[in-house]
$ cat entry36.pdb   # PDB, C-alpha atoms
ATOM      1  CA  MET X  23     -10.131  15.969  21.047
ATOM      2  CA  THR X  24     -11.516  12.577  22.055
ATOM      3  CA  THR X  25     -14.938  11.161  21.335
ATOM      4  CA  ASP X  26     -16.720   8.338  23.095
ATOM      5  CA  THR X  27     -15.477   5.195  21.412
ATOM      6  CA  ASP X  28     -18.576   3.177  22.374
ATOM      7  CA  ALA X  29     -20.813   5.720  20.670
ATOM      8  CA  LEU X  30     -18.623   5.608  17.545
ATOM      9  CA  THR X  31     -18.719   1.816  17.499
ATOM     10  CA  HIS X  32     -22.504   1.941  17.820
ATOM     11  CA  TYR X  33     -22.699   4.521  15.030
ATOM     12  CA  LEU X  34     -20.649   2.315  12.691
ATOM     13  CA  HIS X  35     -22.632  -0.830  13.547
ATOM     14  CA  THR X  36     -25.915   0.979  12.947
ATOM     15  CA  HIS X  37     -25.051   2.803   9.727
ATOM     16  CA  ILE X  38     -22.483   0.490   8.127
ATOM     17  CA  PRO X  39     -23.682  -3.057   8.927
ATOM     18  CA  VAL X  40     -20.507  -4.565   7.439
ATOM     19  CA  SER X  41     -18.655  -3.150  10.460
ATOM     20  CA  ARG X  42     -20.864  -5.226  12.775
ATOM     21  CA  ALA X  43     -20.508  -8.350  10.632
ATOM     22  CA  LEU X  44     -16.720  -8.053  10.894
ATOM     23  CA  GLY X  45     -16.812  -7.440  14.657
ATOM     24  CA  ILE X  46     -15.215  -4.015  14.366
ATOM     25  CA  THR X  47     -14.849  -1.743  17.391
ATOM     26  CA  VAL X  48     -13.384   1.734  17.787
ATOM     27  CA  ALA X  49     -10.710   1.607  20.492
ATOM     28  CA  GLU X  50      -9.295   5.116  20.318
ATOM     29  CA  ALA X  51     -10.753   8.243  18.742
ATOM     30  CA  GLY X  52      -8.791  11.464  18.886
ATOM     31  CA  GLU X  53      -5.976  12.783  16.743
ATOM     32  CA  THR X  54      -5.157   9.104  16.406
ATOM     33  CA  VAL X  55      -7.896   6.598  15.712
ATOM     34  CA  VAL X  56      -7.576   2.871  16.383
ATOM     35  CA  VAL X  57     -10.133   0.462  14.940
ATOM     36  CA  ARG X  58      -9.989  -3.194  16.012
ATOM     37  CA  ALA X  59     -11.301  -6.436  14.582
ATOM     38  CA  PRO X  60     -11.191 -10.037  15.807
ATOM     39  CA  PHE X  61      -9.499 -12.794  13.853
ATOM     40  CA  ALA X  62     -12.278 -15.403  13.534
ATOM     41  CA  PRO X  63     -14.848 -13.612  11.346
ATOM     42  CA  ASN X  64     -12.084 -12.246   9.121
ATOM     43  CA  ILE X  65     -10.101 -15.329   8.191
ATOM     44  CA  ASN X  66      -9.425 -16.574   4.684
ATOM     45  CA  HIS X  67      -8.708 -20.023   3.240
ATOM     46  CA  LYS X  68      -5.048 -19.726   4.315
ATOM     47  CA  ASN X  69      -6.078 -19.044   7.925
ATOM     48  CA  THR X  70      -4.703 -15.526   7.840
ATOM     49  CA  VAL X  71      -6.758 -12.332   7.713
ATOM     50  CA  PHE X  72      -8.623 -11.795   4.429
ATOM     51  CA  GLY X  73      -7.233  -8.845   2.440
ATOM     52  CA  GLY X  74     -10.725  -7.388   2.040
ATOM     53  CA  SER X  75     -11.141  -7.237   5.824
ATOM     54  CA  LEU X  76      -7.796  -5.456   6.223
ATOM     55  CA  GLN X  77      -8.957  -2.886   3.682
ATOM     56  CA  VAL X  78     -12.319  -2.413   5.429
ATOM     57  CA  VAL X  79     -10.731  -1.822   8.838
ATOM     58  CA  ALA X  80      -8.135   0.573   7.397
ATOM     59  CA  THR X  81     -10.841   2.481   5.526
ATOM     60  CA  LEU X  82     -12.948   2.805   8.682
ATOM     61  CA  ALA X  83      -9.946   4.024  10.691
ATOM     62  CA  CYS X  84      -9.421   6.874   8.217
ATOM     63  CA  TRP X  85     -13.153   7.552   7.937
ATOM     64  CA  THR X  86     -13.470   7.749  11.736
ATOM     65  CA  LEU X  87     -10.382   9.992  11.971
ATOM     66  CA  LEU X  88     -12.026  12.485   9.638
ATOM     67  CA  HIS X  89     -15.439  12.054  11.271
ATOM     68  CA  VAL X  90     -14.033  12.862  14.704
ATOM     69  CA  ASN X  91     -11.721  15.705  13.732
ATOM     70  CA  ALA X  92     -13.463  17.436  10.821
ATOM     71  CA  ARG X  93     -17.145  17.285  11.814
ATOM     72  CA  PRO X  94     -16.716  19.897  14.532
ATOM     73  CA  LEU X  95     -15.453  22.246  11.790
ATOM     74  CA  ALA X  96     -17.984  21.641   9.034
ATOM     75  CA  ASP X  97     -21.076  19.578   8.437
ATOM     76  CA  GLY X  98     -21.113  17.402   5.359
ATOM     77  CA  ASP X  99     -20.568  13.958   3.901
ATOM     78  CA  ILE X 100     -17.247  12.152   4.047
ATOM     79  CA  VAL X 101     -16.537  10.730   0.611
ATOM     80  CA  ILE X 102     -13.667   8.466  -0.369
ATOM     81  CA  SER X 103     -12.368   9.000  -3.894
ATOM     82  CA  ARG X 104      -9.551   6.452  -4.108
ATOM     83  CA  SER X 105      -7.223   4.335  -2.066
ATOM     84  CA  ASN X 106      -4.291   2.040  -2.418
ATOM     85  CA  ILE X 107      -3.123  -0.664  -0.120
ATOM     86  CA  SER X 108       0.088  -2.652   0.170
ATOM     87  CA  TYR X 109      -0.174  -6.060   1.770
ATOM     88  CA  ILE X 110       3.339  -6.401   3.154
ATOM     89  CA  SER X 111       2.956  -9.523   5.279
ATOM     90  CA  PRO X 112       0.093 -11.726   6.490
ATOM     91  CA  VAL X 113      -1.913 -10.873   9.599
ATOM     92  CA  THR X 114      -2.352 -13.896  11.816
ATOM     93  CA  GLY X 115      -4.546 -12.833  14.735
ATOM     94  CA  ASP X 116      -6.798 -10.084  16.075
ATOM     95  CA  PHE X 117      -5.723  -6.843  14.466
ATOM     96  CA  GLU X 118      -6.110  -3.081  14.539
ATOM     97  CA  ALA X 119      -5.729  -0.256  12.048
ATOM     98  CA  ARG X 120      -4.200   2.970  13.273
ATOM     99  CA  ALA X 121      -4.666   6.331  11.542
ATOM    100  CA  SER X 122      -3.349   9.689  12.703
ATOM    101  CA  LEU X 123      -3.848  13.251  11.551
ATOM    102  CA  PRO X 124      -1.195  14.232   9.005
ATOM    103  CA  GLU X 125       1.447  16.843   9.789
ATOM    104  CA  SER X 126      -0.059  20.119  10.900
ATOM    105  CA  ALA X 127       0.596  22.062   7.660
ATOM    106  CA  VAL X 128      -1.418  19.483   5.705
ATOM    107  CA  TRP X 129      -4.236  19.520   8.232
ATOM    108  CA  ARG X 130      -4.296  23.339   8.300
ATOM    109  CA  ARG X 131      -4.591  23.397   4.501
ATOM    110  CA  PHE X 132      -7.535  20.992   4.719
ATOM    111  CA  VAL X 133      -9.235  23.115   7.386
ATOM    112  CA  ALA X 134      -8.635  26.293   5.369
ATOM    113  CA  GLY X 135     -10.229  24.642   2.331
ATOM    114  CA  LEU X 136     -13.256  23.690   4.412
ATOM    115  CA  GLU X 137     -13.625  27.225   5.724
ATOM    116  CA  ARG X 138     -13.196  28.830   2.314
ATOM    117  CA  HIS X 139     -15.126  26.438   0.051
ATOM    118  CA  GLY X 140     -17.223  24.305   2.397
ATOM    119  CA  LYS X 141     -15.391  21.261   1.051
ATOM    120  CA  ALA X 142     -11.849  19.959   1.007
ATOM    121  CA  ARG X 143      -9.824  16.882   0.233
ATOM    122  CA  ILE X 144      -7.087  15.156   2.214
ATOM    123  CA  ALA X 145      -4.811  12.131   1.907
ATOM    124  CA  LEU X 146      -4.821   9.904   4.988
ATOM    125  CA  GLN X 147      -2.817   6.851   5.961
ATOM    126  CA  ALA X 148      -3.667   3.817   8.074
ATOM    127  CA  THR X 149      -1.330   1.041   9.085
ATOM    128  CA  ILE X 150      -1.861  -2.437  10.480
ATOM    129  CA  GLU X 151       0.879  -4.292  12.321
ATOM    130  CA  ASN X 152       1.272  -7.984  12.958
ATOM    131  CA  GLN X 153       3.428  -9.062  15.900
ATOM    132  CA  GLY X 154       5.100  -5.655  16.005
ATOM    133  CA  ARG X 155       5.904  -5.421  12.295
ATOM    134  CA  LEU X 156       4.188  -3.393   9.577
ATOM    135  CA  ALA X 157       1.798  -5.691   7.716
ATOM    136  CA  VAL X 158      -0.473  -3.279   5.813
ATOM    137  CA  ASP X 159       0.106   0.226   4.482
ATOM    138  CA  TYR X 160      -3.137   1.894   3.380
ATOM    139  CA  ARG X 161      -3.475   5.343   1.773
ATOM    140  CA  GLY X 162      -6.823   6.875   0.997
ATOM    141  CA  THR X 163      -7.986  10.207  -0.402
ATOM    142  CA  PHE X 164     -11.055  11.492   1.402
ATOM    143  CA  ALA X 165     -13.161  14.600   0.974
ATOM    144  CA  LEU X 166     -15.648  16.377   3.152
ATOM    145  CA  VAL X 167     -18.355  17.762   0.881
ATOM    146  CA  PRO X 168     -21.723  19.461   1.440
ATOM    147  CA  HIS X 169     -24.583  17.022   2.017
ATOM    148  CA  ALA X 170     -26.010  15.714  -1.243
ATOM    149  CA  THR X 171     -29.523  17.010  -1.807
ATOM    150  CA  PRO X 172     -31.820  14.076  -2.467
TER     151      PRO X 172
ATOM    152  CA  MET L  28     -13.348 -22.994 -19.008
ATOM    153  CA  THR L  29     -16.312 -22.648 -16.692
ATOM    154  CA  THR L  30     -16.599 -23.828 -13.119
ATOM    155  CA  ASP L  31     -19.717 -24.508 -11.096
ATOM    156  CA  THR L  32     -20.668 -21.119  -9.638
ATOM    157  CA  ASP L  33     -22.603 -22.679  -6.738
ATOM    158  CA  ALA L  34     -19.538 -24.655  -5.677
ATOM    159  CA  LEU L  35     -17.409 -21.490  -5.841
ATOM    160  CA  THR L  36     -19.949 -19.539  -3.793
ATOM    161  CA  HIS L  37     -19.947 -22.341  -1.215
ATOM    162  CA  TYR L  38     -16.135 -22.364  -1.192
ATOM    163  CA  LEU L  39     -15.998 -18.618  -0.520
ATOM    164  CA  HIS L  40     -18.683 -18.762   2.184
ATOM    165  CA  THR L  41     -16.885 -21.622   3.918
ATOM    166  CA  HIS L  42     -13.316 -20.312   3.753
ATOM    167  CA  ILE L  43     -13.815 -16.544   3.774
ATOM    168  CA  PRO L  44     -16.752 -15.906   6.145
ATOM    169  CA  VAL L  45     -16.803 -12.195   5.241
ATOM    170  CA  SER L  46     -18.142 -13.253   1.826
ATOM    171  CA  ARG L  47     -21.155 -14.876   3.493
ATOM    172  CA  ALA L  48     -21.727 -11.887   5.796
ATOM    173  CA  LEU L  49     -21.856  -9.615   2.750
ATOM    174  CA  GLY L  50     -24.220 -11.947   0.837
ATOM    175  CA  ILE L  51     -21.726 -12.497  -1.971
ATOM    176  CA  THR L  52     -22.434 -15.019  -4.744
ATOM    177  CA  VAL L  53     -20.415 -16.042  -7.792
ATOM    178  CA  ALA L  54     -22.605 -15.563 -10.883
ATOM    179  CA  GLU L  55     -20.160 -16.340 -13.665
ATOM    180  CA  ALA L  56     -16.830 -18.142 -13.511
ATOM    181  CA  GLY L  57     -14.848 -18.566 -16.685
ATOM    182  CA  GLU L  58     -12.454 -16.252 -18.497
ATOM    183  CA  THR L  59     -14.739 -13.598 -17.057
ATOM    184  CA  VAL L  60     -15.822 -13.782 -13.436
ATOM    185  CA  VAL L  61     -18.847 -11.971 -12.037
ATOM    186  CA  VAL L  62     -19.318 -11.690  -8.267
ATOM    187  CA  ARG L  63     -22.584 -10.236  -6.969
ATOM    188  CA  ALA L  64     -23.693  -8.692  -3.694
ATOM    189  CA  PRO L  65     -27.026  -7.371  -2.451
ATOM    190  CA  PHE L  66     -27.528  -3.769  -1.401
ATOM    191  CA  ALA L  67     -28.960  -4.114   2.126
ATOM    192  CA  PRO L  68     -26.035  -5.670   4.047
ATOM    193  CA  ASN L  69     -23.584  -3.361   2.283
ATOM    194  CA  ILE L  70     -25.062   0.086   2.839
ATOM    195  CA  ASN L  71     -23.372   2.998   4.530
ATOM    196  CA  HIS L  72     -24.667   6.040   6.419
ATOM    197  CA  LYS L  73     -25.401   7.810   3.093
ATOM    198  CA  ASN L  74     -27.545   4.879   1.915
ATOM    199  CA  THR L  75     -25.145   4.016  -0.884
ATOM    200  CA  VAL L  76     -22.820   1.032  -0.961
ATOM    201  CA  PHE L  77     -19.970   1.192   1.577
ATOM    202  CA  GLY L  78     -16.579   1.625  -0.114
ATOM    203  CA  GLY L  79     -15.161  -1.295   1.867
ATOM    204  CA  SER L  80     -17.812  -3.623   0.442
ATOM    205  CA  LEU L  81     -17.020  -2.491  -3.099
ATOM    206  CA  GLN L  82     -13.379  -3.306  -2.466
ATOM    207  CA  VAL L  83     -14.203  -6.736  -1.014
ATOM    208  CA  VAL L  84     -16.366  -7.734  -3.977
ATOM    209  CA  ALA L  85     -13.800  -6.486  -6.505
ATOM    210  CA  THR L  86     -11.022  -8.332  -4.675
ATOM    211  CA  LEU L  87     -13.034 -11.563  -4.670
ATOM    212  CA  ALA L  88     -13.804 -11.221  -8.399
ATOM    213  CA  CYS L  89     -10.069 -11.072  -9.180
ATOM    214  CA  TRP L  90      -9.271 -13.798  -6.670
ATOM    215  CA  THR L  91     -11.897 -16.090  -8.201
ATOM    216  CA  LEU L  92     -10.673 -15.296 -11.720
ATOM    217  CA  LEU L  93      -7.212 -16.496 -10.789
ATOM    218  CA  HIS L  94      -8.567 -19.432  -8.766
ATOM    219  CA  VAL L  95     -10.610 -20.674 -11.728
ATOM    220  CA  ASN L  96      -8.053 -20.087 -14.474
ATOM    221  CA  ALA L  97      -4.676 -20.658 -12.810
ATOM    222  CA  ARG L  98      -5.361 -23.580 -10.462
ATOM    223  CA  PRO L  99      -5.584 -26.087 -13.318
ATOM    224  CA  LEU L 100      -2.034 -25.028 -14.273
ATOM    225  CA  ALA L 101      -0.323 -24.994 -10.893
ATOM    226  CA  ASP L 102      -1.170 -25.707  -7.295
ATOM    227  CA  GLY L 103      -0.369 -23.008  -4.785
ATOM    228  CA  ASP L 104      -1.668 -20.087  -2.767
ATOM    229  CA  ILE L 105      -3.122 -16.969  -4.340
ATOM    230  CA  VAL L 106      -1.591 -13.959  -2.615
ATOM    231  CA  ILE L 107      -2.523 -10.315  -3.129
ATOM    232  CA  SER L 108       0.380  -7.894  -2.815
ATOM    233  CA  ARG L 109      -1.295  -4.548  -3.479
ATOM    234  CA  SER L 110      -4.329  -2.910  -4.976
ATOM    235  CA  ASN L 111      -5.734   0.457  -5.798
ATOM    236  CA  ILE L 112      -9.307   1.456  -6.246
ATOM    237  CA  SER L 113     -10.995   4.530  -7.715
ATOM    238  CA  TYR L 114     -14.473   5.297  -6.448
ATOM    239  CA  ILE L 115     -15.871   7.134  -9.460
ATOM    240  CA  SER L 116     -19.520   7.417  -8.496
ATOM    241  CA  PRO L 117     -21.785   5.991  -5.788
ATOM    242  CA  VAL L 118     -23.401   2.572  -6.108
ATOM    243  CA  THR L 119     -27.070   2.700  -5.192
ATOM    244  CA  GLY L 120     -28.399  -0.856  -5.415
ATOM    245  CA  ASP L 121     -27.441  -4.511  -5.791
ATOM    246  CA  PHE L 122     -24.091  -4.633  -7.538
ATOM    247  CA  GLU L 123     -21.594  -6.900  -9.225
ATOM    248  CA  ALA L 124     -17.862  -6.829  -9.873
ATOM    249  CA  ARG L 125     -16.629  -8.124 -13.211
ATOM    250  CA  ALA L 126     -13.067  -9.298 -13.855
ATOM    251  CA  SER L 127     -11.690 -10.764 -17.062
ATOM    252  CA  LEU L 128      -8.418 -12.361 -18.031
ATOM    253  CA  PRO L 129      -5.986  -9.753 -19.377
ATOM    254  CA  GLU L 130      -4.886  -9.745 -23.015
ATOM    255  CA  SER L 131      -3.441 -13.056 -24.104
ATOM    256  CA  ALA L 132       0.237 -11.953 -24.168
ATOM    257  CA  VAL L 133       0.021 -10.950 -20.495
ATOM    258  CA  TRP L 134      -1.711 -14.186 -19.544
ATOM    259  CA  ARG L 135       0.834 -16.265 -21.492
ATOM    260  CA  ARG L 136       3.676 -14.526 -19.654
ATOM    261  CA  PHE L 137       1.997 -15.367 -16.339
ATOM    262  CA  VAL L 138       1.531 -19.021 -17.369
ATOM    263  CA  ALA L 139       5.141 -19.234 -18.561
ATOM    264  CA  GLY L 140       6.321 -17.865 -15.202
ATOM    265  CA  LEU L 141       4.271 -20.500 -13.410
ATOM    266  CA  GLU L 142       5.719 -23.280 -15.543
ATOM    267  CA  ARG L 143       9.287 -22.061 -15.194
ATOM    268  CA  HIS L 144       9.417 -20.936 -11.554
ATOM    269  CA  GLY L 145       6.326 -22.470  -9.930
ATOM    270  CA  LYS L 146       5.177 -18.935  -9.094
ATOM    271  CA  ALA L 147       4.183 -15.812 -11.018
ATOM    272  CA  ARG L 148       2.597 -12.430 -10.570
ATOM    273  CA  ILE L 149      -0.135 -10.715 -12.560
ATOM    274  CA  ALA L 150      -2.062  -7.418 -12.532
ATOM    275  CA  LEU L 151      -5.829  -7.862 -12.708
ATOM    276  CA  GLN L 152      -8.690  -5.413 -13.030
ATOM    277  CA  ALA L 153     -12.255  -5.512 -11.768
ATOM    278  CA  THR L 154     -14.983  -2.999 -12.498
ATOM    279  CA  ILE L 155     -18.353  -2.255 -10.906
ATOM    280  CA  GLU L 156     -21.059  -0.386 -12.766
ATOM    281  CA  ASN L 157     -24.056   1.475 -11.431
ATOM    282  CA  GLN L 158     -27.017   1.972 -13.744
ATOM    283  CA  GLY L 159     -24.878   1.269 -16.783
ATOM    284  CA  ARG L 160     -22.010   3.600 -15.872
ATOM    285  CA  LEU L 161     -18.578   2.798 -14.465
ATOM    286  CA  ALA L 162     -18.659   3.355 -10.708
ATOM    287  CA  VAL L 163     -15.546   1.553  -9.445
ATOM    288  CA  ASP L 164     -12.205   0.800 -11.104
ATOM    289  CA  TYR L 165     -10.135  -1.697  -9.113
ATOM    290  CA  ARG L 166      -6.602  -2.908  -9.941
ATOM    291  CA  GLY L 167      -4.872  -5.575  -7.934
ATOM    292  CA  THR L 168      -1.549  -7.376  -8.180
ATOM    293  CA  PHE L 169      -1.874 -11.048  -7.378
ATOM    294  CA  ALA L 170       0.627 -13.881  -7.258
ATOM    295  CA  LEU L 171       0.324 -17.626  -7.308
ATOM    296  CA  VAL L 172       3.048 -19.015  -5.046
ATOM    297  CA  PRO L 173       3.918 -22.466  -3.699
ATOM    298  CA  HIS L 174       1.961 -23.432  -0.581
ATOM    299  CA  ALA L 175       3.545 -22.044   2.571
ATOM    300  CA  THR L 176       4.956 -24.815   4.714
ATOM    301  CA  PRO L 177       3.532 -24.599   8.225
TER     302      PRO L 177
END
$ encode --input "entry36.pdb" --output "structure tokens"
Amino acid sequence: MTTDTDALTHYLHTHIPVSRALGITVAEAGETVVVRAPFAPNINHKNTVFGGSLQVVATLACWTLLHVNARPLADGDIVISRSNISYISPVTGDFEARASLPESAVWRRFVAGLERHGKARIALQATIENQGRLAVDYRGTFALVPHATP
Amino acid sequence: MTTDTDALTHYLHTHIPVSRALGITVAEAGETVVVRAPFAPNINHKNTVFGGSLQVVATLACWTLLHVNARPLADGDIVISRSNISYISPVTGDFEARASLPESAVWRRFVAGLERHGKARIALQATIENQGRLAVDYRGTFALVPHATP
């Protein structure tokens, strides 16, 4: 399934203003999600990409992957419970985080959990390359849970 | 040792523009560092603080802790190699990340590594509370290394 990337970008910019401040755009949104960001607003004092920006873009790639693929199955809030990130090498230009659905058995277990309990948890991965080599390996645990009642 | 928090805030805003976009300020800068951020620019679609913003502020608290305490000992670049973060509960207003030097034996080992090899690695922690309760537990591994030659 593919969703309009412009609409997703607009959704992020409207609801998560940090995504606009960092210049983030959604470039691909199906069973693989690609989220892009430009170099200039994300630099650090060493003139490479700030580690916090890499984390934000990776997080949003995974968030969007779940948003696009799980929302048609169940309404609810996407919640992140933890993540870890390895900064393997510096990123020195415009960059993108890429996240794909996990192997089908893992995804089916997540969907079955949603159907049975109305909530489920899944581990997702996003990667960022620099000049064709892996620069960032991000793993996050996300859950889809019923909307919090105010 | 304490360093001028306004000068540190200015340094971050100048060299890491994401810190300015998120409204980050350094509130305390000694053996404990406190980095603050306002709610509004950091919200998400659930009207709590975006997980990426929490990570950025925690990262900058640890970065500033090392910047303030290790720079007088050795020149070099601060590099982050990995981090993990647990999102324990939502953050619902202005927030701050707090990072303190680890126990003295750990710090002494780091300083000895710097003196002996000109570089060393250390694990740091930052926490964020919400209404008096732990909301975010962040651990990052940072290194101080000789300046990269261009």
$ resolve_selection --input "entry36.pdb" --expression "the PyMOL selection byres ((chain X and resi 113-118) around 8)" --output "PyMOL selection string"
chain X and resi 56-61+69-71+79+111-112+119-120+150-152+157
$ resolve_selection --input "entry36.pdb" --expression "the ChimeraX specification (/L :<10) & /X" --output "PyMOL selection string"
chain X and resi 33-44+62-69+71-82+99-112+158-163+169-170
$ write_last_selection --input "entry36.pdb" --atoms "C-alpha atoms" --output "PDB file, keeping the file's coordinate frame"
ATOM      1  CA  TYR X  33     -22.699   4.521  15.030  1.00  0.00           C
ATOM      2  CA  LEU X  34     -20.649   2.315  12.691  1.00  0.00           C
ATOM      3  CA  HIS X  35     -22.632  -0.830  13.547  1.00  0.00           C
ATOM      4  CA  THR X  36     -25.915   0.979  12.947  1.00  0.00           C
ATOM      5  CA  HIS X  37     -25.051   2.803   9.727  1.00  0.00           C
ATOM      6  CA  ILE X  38     -22.483   0.490   8.127  1.00  0.00           C
ATOM      7  CA  PRO X  39     -23.682  -3.057   8.927  1.00  0.00           C
ATOM      8  CA  VAL X  40     -20.507  -4.565   7.439  1.00  0.00           C
ATOM      9  CA  SER X  41     -18.655  -3.150  10.460  1.00  0.00           C
ATOM     10  CA  ARG X  42     -20.864  -5.226  12.775  1.00  0.00           C
ATOM     11  CA  ALA X  43     -20.508  -8.350  10.632  1.00  0.00           C
ATOM     12  CA  LEU X  44     -16.720  -8.053  10.894  1.00  0.00           C
ATOM     13  CA  ALA X  62     -12.278 -15.403  13.534  1.00  0.00           C
ATOM     14  CA  PRO X  63     -14.848 -13.612  11.346  1.00  0.00           C
ATOM     15  CA  ASN X  64     -12.084 -12.246   9.121  1.00  0.00           C
ATOM     16  CA  ILE X  65     -10.101 -15.329   8.191  1.00  0.00           C
ATOM     17  CA  ASN X  66      -9.425 -16.574   4.684  1.00  0.00           C
ATOM     18  CA  HIS X  67      -8.708 -20.023   3.240  1.00  0.00           C
ATOM     19  CA  LYS X  68      -5.048 -19.726   4.315  1.00  0.00           C
ATOM     20  CA  ASN X  69      -6.078 -19.044   7.925  1.00  0.00           C
ATOM     21  CA  VAL X  71      -6.758 -12.332   7.713  1.00  0.00           C
ATOM     22  CA  PHE X  72      -8.623 -11.795   4.429  1.00  0.00           C
ATOM     23  CA  GLY X  73      -7.233  -8.845   2.440  1.00  0.00           C
ATOM     24  CA  GLY X  74     -10.725  -7.388   2.040  1.00  0.00           C
ATOM     25  CA  SER X  75     -11.141  -7.237   5.824  1.00  0.00           C
ATOM     26  CA  LEU X  76      -7.796  -5.456   6.223  1.00  0.00           C
ATOM     27  CA  GLN X  77      -8.957  -2.886   3.682  1.00  0.00           C
ATOM     28  CA  VAL X  78     -12.319  -2.413   5.429  1.00  0.00           C
ATOM     29  CA  VAL X  79     -10.731  -1.822   8.838  1.00  0.00           C
ATOM     30  CA  ALA X  80      -8.135   0.573   7.397  1.00  0.00           C
ATOM     31  CA  THR X  81     -10.841   2.481   5.526  1.00  0.00           C
ATOM     32  CA  LEU X  82     -12.948   2.805   8.682  1.00  0.00           C
ATOM     33  CA  ASP X  99     -20.568  13.958   3.901  1.00  0.00           C
ATOM     34  CA  ILE X 100     -17.247  12.152   4.047  1.00  0.00           C
ATOM     35  CA  VAL X 101     -16.537  10.730   0.611  1.00  0.00           C
ATOM     36  CA  ILE X 102     -13.667   8.466  -0.369  1.00  0.00           C
ATOM     37  CA  SER X 103     -12.368   9.000  -3.894  1.00  0.00           C
ATOM     38  CA  ARG X 104      -9.551   6.452  -4.108  1.00  0.00           C
ATOM     39  CA  SER X 105      -7.223   4.335  -2.066  1.00  0.00           C
ATOM     40  CA  ASN X 106      -4.291   2.040  -2.418  1.00  0.00           C
ATOM     41  CA  ILE X 107      -3.123  -0.664  -0.120  1.00  0.00           C
ATOM     42  CA  SER X 108       0.088  -2.652   0.170  1.00  0.00           C
ATOM     43  CA  TYR X 109      -0.174  -6.060   1.770  1.00  0.00           C
ATOM     44  CA  ILE X 110       3.339  -6.401   3.154  1.00  0.00           C
ATOM     45  CA  SER X 111       2.956  -9.523   5.279  1.00  0.00           C
ATOM     46  CA  PRO X 112       0.093 -11.726   6.490  1.00  0.00           C
ATOM     47  CA  VAL X 158      -0.473  -3.279   5.813  1.00  0.00           C
ATOM     48  CA  ASP X 159       0.106   0.226   4.482  1.00  0.00           C
ATOM     49  CA  TYR X 160      -3.137   1.894   3.380  1.00  0.00           C
ATOM     50  CA  ARG X 161      -3.475   5.343   1.773  1.00  0.00           C
ATOM     51  CA  GLY X 162      -6.823   6.875   0.997  1.00  0.00           C
ATOM     52  CA  THR X 163      -7.986  10.207  -0.402  1.00  0.00           C
ATOM     53  CA  HIS X 169     -24.583  17.022   2.017  1.00  0.00           C
ATOM     54  CA  ALA X 170     -26.010  15.714  -1.243  1.00  0.00           C
TER      55      ALA X 170
END
$ atom_distance --input "entry36.pdb" --atom1 "CA of Ile46 (chain X)" --atom2 "CA of Leu88 (chain X)"
17.5 Å
$ atom_distance --input "entry36.pdb" --atom1 "CA of Ala92 (chain X)" --atom2 "CA of His32 (chain X)"
19.3 Å
$ closest_residue --input "entry36.pdb" --among "X:Val90, X:His139, X:Leu30, X:Glu53" --to "Glu125 (chain X)" --atoms "all atoms listed in the file"
X:Glu53
$ residues_near_point --input "entry36.pdb" --point "(0.8, -14.3, -13.3)" --cutoff "6 Å" --atoms "only C-alpha atoms" --output "mmCIF file with C-alpha atoms, keeping the file's coordinate frame"
data_model
loop_
_atom_site.group_PDB
_atom_site.id
_atom_site.type_symbol
_atom_site.label_atom_id
_atom_site.label_comp_id
_atom_site.auth_asym_id
_atom_site.auth_seq_id
_atom_site.Cartn_x
_atom_site.Cartn_y
_atom_site.Cartn_z
ATOM 1 C CA PHE L 137 1.997 -15.367 -16.339
ATOM 2 C CA ALA L 147 4.183 -15.812 -11.018
ATOM 3 C CA ARG L 148 2.597 -12.430 -10.570
ATOM 4 C CA ILE L 149 -0.135 -10.715 -12.560
#
$ atom_distance --input "entry36.pdb" --atom1 "CA of Thr32 (chain L)" --atom2 "CA of Ala170 (chain L)"
22.6 Å
$ resolve_selection --input "entry36.pdb" --expression "the PyMOL selection byres ((chain X and resi 122) around 7)" --output "list in words"
Glu53, Thr54, Val55, Arg120, Ala121, Leu123 and Pro124 of chain X
$ axis_aligned_box --input "entry36.pdb" --around "region 104-122 of chain L" --padding-each-side "4 Å" --output "JSON"
{"center_x": -14.0, "center_y": -6.3, "center_z": -6.0, "size_x": 36.8, "size_y": 35.5, "size_z": 14.8}
$ closest_residue --input "entry36.pdb" --among "L:Val138, L:Ala153, L:Leu161, L:Ala54" --to "Trp90 (chain L)" --atoms "all atoms listed in the file"
L:Ala153
$ closest_residue --input "entry36.pdb" --among "X:Ala29, X:Leu87, X:Leu136, X:Ala127" --to "Ala51 (chain X)" --atoms "all atoms listed in the file"
X:Leu87
$ decode --input "entry36.pdb" --residues "region 39-55 of chain X" --atoms "C-alpha atoms" --output "PDB file, in the first residue's frame"
ATOM      1  CA  PRO X  39       6.566  21.095  14.298  1.00  0.00           C
ATOM      2  CA  VAL X  40      10.108  19.789  14.857  1.00  0.00           C
ATOM      3  CA  SER X  41       9.745  17.955  11.530  1.00  0.00           C
ATOM      4  CA  ARG X  42       9.184  21.288   9.764  1.00  0.00           C
ATOM      5  CA  ALA X  43      12.062  22.968  11.600  1.00  0.00           C
ATOM      6  CA  LEU X  44      14.393  20.208  10.394  1.00  0.00           C
ATOM      7  CA  GLY X  45      13.099  20.384   6.811  1.00  0.00           C
ATOM      8  CA  ILE X  46      11.868  16.799   6.840  1.00  0.00           C
ATOM      9  CA  THR X  47       9.890  15.366   3.928  1.00  0.00           C
ATOM     10  CA  VAL X  48       8.386  11.935   3.331  1.00  0.00           C
ATOM     11  CA  ALA X  49       9.727  10.597   0.030  1.00  0.00           C
ATOM     12  CA  GLU X  50       8.289   7.094  -0.003  1.00  0.00           C
ATOM     13  CA  ALA X  51       5.450   5.619   2.033  1.00  0.00           C
ATOM     14  CA  GLY X  52       4.518   1.994   1.540  1.00  0.00           C
ATOM     15  CA  GLU X  53       5.985  -1.186   2.952  1.00  0.00           C
ATOM     16  CA  THR X  54       9.181   0.840   2.901  1.00  0.00           C
ATOM     17  CA  VAL X  55       9.199   4.402   4.155  1.00  0.00           C
TER      18      VAL X  55
END
